[in-house]
Amino acid sequence: MKILVTGGAGYIGSHTVRVLRLRGHEPVIFDNLTRGHREAALDAPLIVGDLLSLDDLTGALRTTGSEAVLHFAAFTYVGESVGHPDVYYRNNTAGTMNLLEAMRKHKVSKLVFSSTAAVYGDPIRTPIDESHPQSPVNPYGRSKLMVEWMLRDHQVAFGLGFAALRYFNAAGASLDGRIGEDHDPETHLIPRVLMSITGEIPEVTILGTDWETPDGTCIRDYIHVEDLAQAHVLALEHLGRGGASNAWNLGTGKGHSVKEVIQSAERVSHRKVPTVSGARRAGDPGVLVASSDKIRKDLGWKPEHADLDSIVGSAWRWIEKGGRYKNKATPEEAQTTHPIR
Ligand code: UFG
């Protein structure tokens with residue numbers, strides 16, 4: 001299939017583009033490069049465009065003749081969303097409105113959407129399955145839940161076929177170490193633990209040691225970015241076969257504490273992680289673990305790199321090789337490699 005991949009120069013999008021190409025699909029990346037990286041696109045065709053421009057989107061769909069869209073482009077910092085909800089609703093929610101309008105105009109009726117565990121809010125039971133109440137506790141989660149509602153309404157009104165994939169904690173890097181996670185600022189646990197090993201930051205702060213968990217630290221369900229990428233391709237092909245629209249969780253079903261992540265990093269790097277104990281981070285739930293039974297059953301997905309050392313080990317290899325993209329694109333440098341006609 002010919003596919004437009006919004007946010008395809010970002011962390012999860014760039015890994016998915018590689019898997020799409022290996023499977024014989026023809027992805028074209030659509031990214032404004034404000035948070036994505038030109039280098040992460042590797043040699044995939046790239047349109048530099050903005051979700052907030054209907055012209056950019058319609059031009060991209062027209063030029064590429066796309067039959068489906070994988071929609072990763074979004075802002076994803078919970079903390080930032082609390083201070084700047086306007087930016088999150090505009091970029092994540094209104095931007096997706098534009099995308100849906102452009103898709104309708106070009107009769108593109110299949111969409112795989114990056115949703116998040118944040119649509120559930122504070123868990124009332126664990127593991128979390130898809131029927132868990134959706135009560136997000138921050139603007140980021142609400143900006144994504146609103147999109148899920150929009151997708152359902154567009155399905156009813158316009159026959160949109162969609163897959164909403166609710167990621168738990170995306171982690172790791174490509175197995176060949178060519179692409180990986182590079183956020184600025186970096187707030188995520190695994191990259192910060194590894195940055196403390198290389199000396200990029202003096203130490204990692206354990207955000208709360210008084211949680212009601214066996215070792216007192218927060219538990220999360222870390223899922224390898226390569227397994228996430230595979231799930232997108234399965235969801236796309238499901239829609240391509242005319243499969244039913246749905247929302248699916250993506251996690252491994254196994255939780256790991258902050259301390260276990262730190263121990264894993266010490267095992268894979270053979271180095272000591274400097275740590276300090278700090279206060280809980282506002283808005284953090286103590287335990288977030290997915291039930292991914294539904295996507296296993298419906299789409300035959302299963303994580304291939306589920307053990308923590310594989311996930312942390314791939315992230316460590318990426319960090320060891322430099323772990324940062326060199327080209328931070330400025331607007332002047334942001335040139336499209338797939339001209340819009
Ligand atoms: N943590 C630390 N020290 C750090 C960073 C994180 O102890 O320096 C802890 C956090 O408190 C949390 C765990 O490590 O318990 C994981 O934190 P991350 O920041 O890596 O990930 P989150 O679970 O906060 O965020 C993830 C996704 C978000 C999504 C959110 C939904 O990255 O996009 O889950 O709850 F919104």
# chains A, B, ... in the order shown; residues from 1 in each chain; ligands from 1

call {"tool": "select_by_dssp", "arguments": {"residues": "region 4-209 of chain A", "states": "strand (DSSP E)", "output": "PyMOL selection string"}}
result
chain A and resi 4-6+26-31+46-48+68-71+110-116+161-167+169-171+204-207

call {"tool": "residues_near_ligand", "arguments": {"ligand": "ligand 1", "cutoff": "8 Å", "atoms": "only C-alpha atoms and all ligand atoms", "output": "PyMOL selection string"}}
result
chain A and resi 76-78+116-119+121+140-141+167-170+187-190+192-193+204-208+217-220+257-258+280-281+284-288

call {"tool": "residues_around", "arguments": {"residues": "region 262-270 of chain A", "least_positions_apart": "5", "cutoff": "12 Å", "atoms": "only C-alpha atoms", "output": "ChimeraX atom specification"}}
result
/A:172,189-198,203-206,217,256-257,275-276,307-320

call {"tool": "closest_residue", "arguments": {"among": "A:Ile201, A:Gly242, A:Val28, A:Ser292", "to": "Pro274 (chain A)", "atoms": "only C-alpha atoms"}}
result
A:Ile201

call {"tool": "atom_distance", "arguments": {"atom1": "CA of Val48 (chain A)", "atom2": "CA of Ser115 (chain A)"}}
result
22.8 Å

call {"tool": "closest_residue", "arguments": {"among": "A:Arg324, A:His232, A:His238, A:His224", "to": "Thr16 (chain A)", "atoms": "only C-alpha atoms"}}
result
A:His232

call {"tool": "closest_residue", "arguments": {"among": "A:Lys144, A:Lys110, A:Arg178, A:Lys259", "to": "Arg241 (chain A)", "atoms": "only C-alpha atoms"}}
result
A:Lys110

call {"tool": "atom_distance", "arguments": {"atom1": "CA of Glu186 (chain A)", "atom2": "CA of Thr34 (chain A)"}}
result
14.9 Å

call {"tool": "closest_residue", "arguments": {"among": "A:Gln134, A:Asn91, A:Asn32, A:Ser66", "to": "Glu148 (chain A)", "atoms": "only C-alpha atoms"}}
result
A:Gln134

call {"tool": "residues_around", "arguments": {"residues": "Lys294 (chain A)", "least_positions_apart": "5", "cutoff": "9 Å", "atoms": "only C-alpha atoms", "output": "list in words"}}
result
Asp129, Glu130, Trp248, Asn249 and Leu299 of chain A

call {"tool": "write_last_selection", "arguments": {"atoms": "N, CA and C atoms", "output": "compact mmCIF listing (two decimals), in the first residue's frame"}}
result
# COMPACT_ATOMS: atom_id res chain seq x y z
N ASP A 129 -7.47 -3.38 30.59
CA ASP A 129 -7.91 -3.83 29.26
C ASP A 129 -8.68 -2.69 28.60
N GLU A 130 -9.13 -2.93 27.37
CA GLU A 130 -9.71 -1.83 26.59
C GLU A 130 -11.06 -1.38 27.12
N TRP A 248 -6.96 -0.86 20.38
CA TRP A 248 -6.21 -1.96 20.99
C TRP A 248 -5.10 -1.42 21.88
N ASN A 249 -4.93 -2.06 23.03
CA ASN A 249 -3.79 -1.76 23.90
C ASN A 249 -2.52 -2.38 23.33
N LEU A 299 -5.42 -9.63 16.04
CA LEU A 299 -4.47 -9.38 14.95
C LEU A 299 -3.28 -10.33 14.95

call {"tool": "closest_residue", "arguments": {"among": "A:Asp293, A:Val87, A:Lys2, A:Ser135", "to": "Gly24 (chain A)", "atoms": "only C-alpha atoms"}}
result
A:Lys2

call {"tool": "closest_residue", "arguments": {"among": "A:Asp31, A:Asp86, A:Glu212, A:Glu226", "to": "Ala60 (chain A)", "atoms": "only C-alpha atoms"}}
result
A:Asp31

call {"tool": "select_by_dssp", "arguments": {"residues": "region 155-335 of chain A", "states": "alpha helix (DSSP H)", "output": "count of residues only"}}
result
62

call {"tool": "atom_distance", "arguments": {"atom1": "CA of Leu22 (chain A)", "atom2": "CA of Ile3 (chain A)"}}
result
13.6 Å

call {"tool": "residues_around", "arguments": {"residues": "Leu160 (chain A)", "least_positions_apart": "4", "cutoff": "6 Å", "atoms": "only C-alpha atoms", "output": "list in words"}}
result
Ser109, His154 and Gln155 of chain A

call {"tool": "decode", "arguments": {"residues": "region 208-272 of chain A", "atoms": "C-alpha atoms", "output": "short mmCIF file (atom, residue, chain, number, x, y, z; two decimals), in the first residue's frame"}}
result
data_model
loop_
_atom_site.label_atom_id
_atom_site.label_comp_id
_atom_site.auth_asym_id
_atom_site.auth_seq_id
_atom_site.Cartn_x
_atom_site.Cartn_y
_atom_site.Cartn_z
CA GLY A 208 9.08 8.32 44.43
CA THR A 209 10.23 5.42 46.61
CA ASP A 210 7.05 5.25 48.69
CA TRP A 211 4.63 3.73 46.17
CA GLU A 212 2.55 0.75 47.16
CA THR A 213 4.65 -1.59 45.04
CA PRO A 214 7.04 -4.36 46.14
CA ASP A 215 10.15 -2.13 46.00
CA GLY A 216 8.38 1.21 46.52
CA THR A 217 9.01 2.50 42.97
CA CYS A 218 6.59 2.98 40.06
CA ILE A 219 5.74 0.08 37.80
CA ARG A 220 5.32 0.49 34.03
CA ASP A 221 4.76 -1.82 31.07
CA TYR A 222 7.71 -1.20 28.73
CA ILE A 223 7.18 -2.24 25.13
CA HIS A 224 9.95 -2.47 22.54
CA VAL A 225 9.60 0.10 19.77
CA GLU A 226 10.22 -2.65 17.18
CA ASP A 227 7.22 -4.57 18.55
CA LEU A 228 5.14 -1.40 18.40
CA ALA A 229 6.18 -0.92 14.78
CA GLN A 230 5.08 -4.46 13.91
CA ALA A 231 1.70 -3.85 15.52
CA HIS A 232 1.11 -0.83 13.28
CA VAL A 233 1.76 -2.86 10.18
CA LEU A 234 -0.61 -5.60 11.37
CA ALA A 235 -3.30 -2.99 12.11
CA LEU A 236 -2.82 -1.40 8.69
CA GLU A 237 -3.06 -4.73 6.90
CA HIS A 238 -6.15 -5.61 8.95
CA LEU A 239 -7.82 -2.41 7.73
CA GLY A 240 -6.59 -3.14 4.21
CA ARG A 241 -8.51 -6.44 4.32
CA GLY A 242 -11.63 -4.55 5.36
CA GLY A 243 -11.23 -5.55 9.02
CA ALA A 244 -13.34 -3.88 11.70
CA SER A 245 -12.29 -0.61 13.30
CA ASN A 246 -11.21 -0.86 16.90
CA ALA A 247 -8.96 0.32 19.72
CA TRP A 248 -6.21 -1.96 20.99
CA ASN A 249 -3.79 -1.76 23.90
CA LEU A 250 -0.12 -2.32 23.27
CA GLY A 251 2.04 -3.49 26.13
CA THR A 252 3.71 -6.73 27.12
CA GLY A 253 1.42 -7.41 30.08
CA LYS A 254 4.41 -7.42 32.42
CA GLY A 255 5.28 -4.51 34.67
CA HIS A 256 8.76 -3.43 35.76
CA SER A 257 9.64 -1.06 38.56
CA VAL A 258 11.98 1.91 38.23
CA LYS A 259 14.54 0.02 40.31
CA GLU A 260 14.28 -3.02 38.01
CA VAL A 261 14.93 -0.77 35.01
CA ILE A 262 18.02 0.62 36.74
CA GLN A 263 19.28 -2.91 37.54
CA SER A 264 18.67 -3.93 33.93
CA ALA A 265 20.69 -0.93 32.70
CA GLU A 266 23.53 -1.93 35.01
CA ARG A 267 23.44 -5.51 33.63
CA VAL A 268 23.45 -4.55 29.95
CA SER A 269 26.02 -1.76 30.27
CA HIS A 270 28.21 -3.37 32.96
CA ARG A 271 28.29 0.09 34.54
CA LYS A 272 26.87 1.58 37.72
#
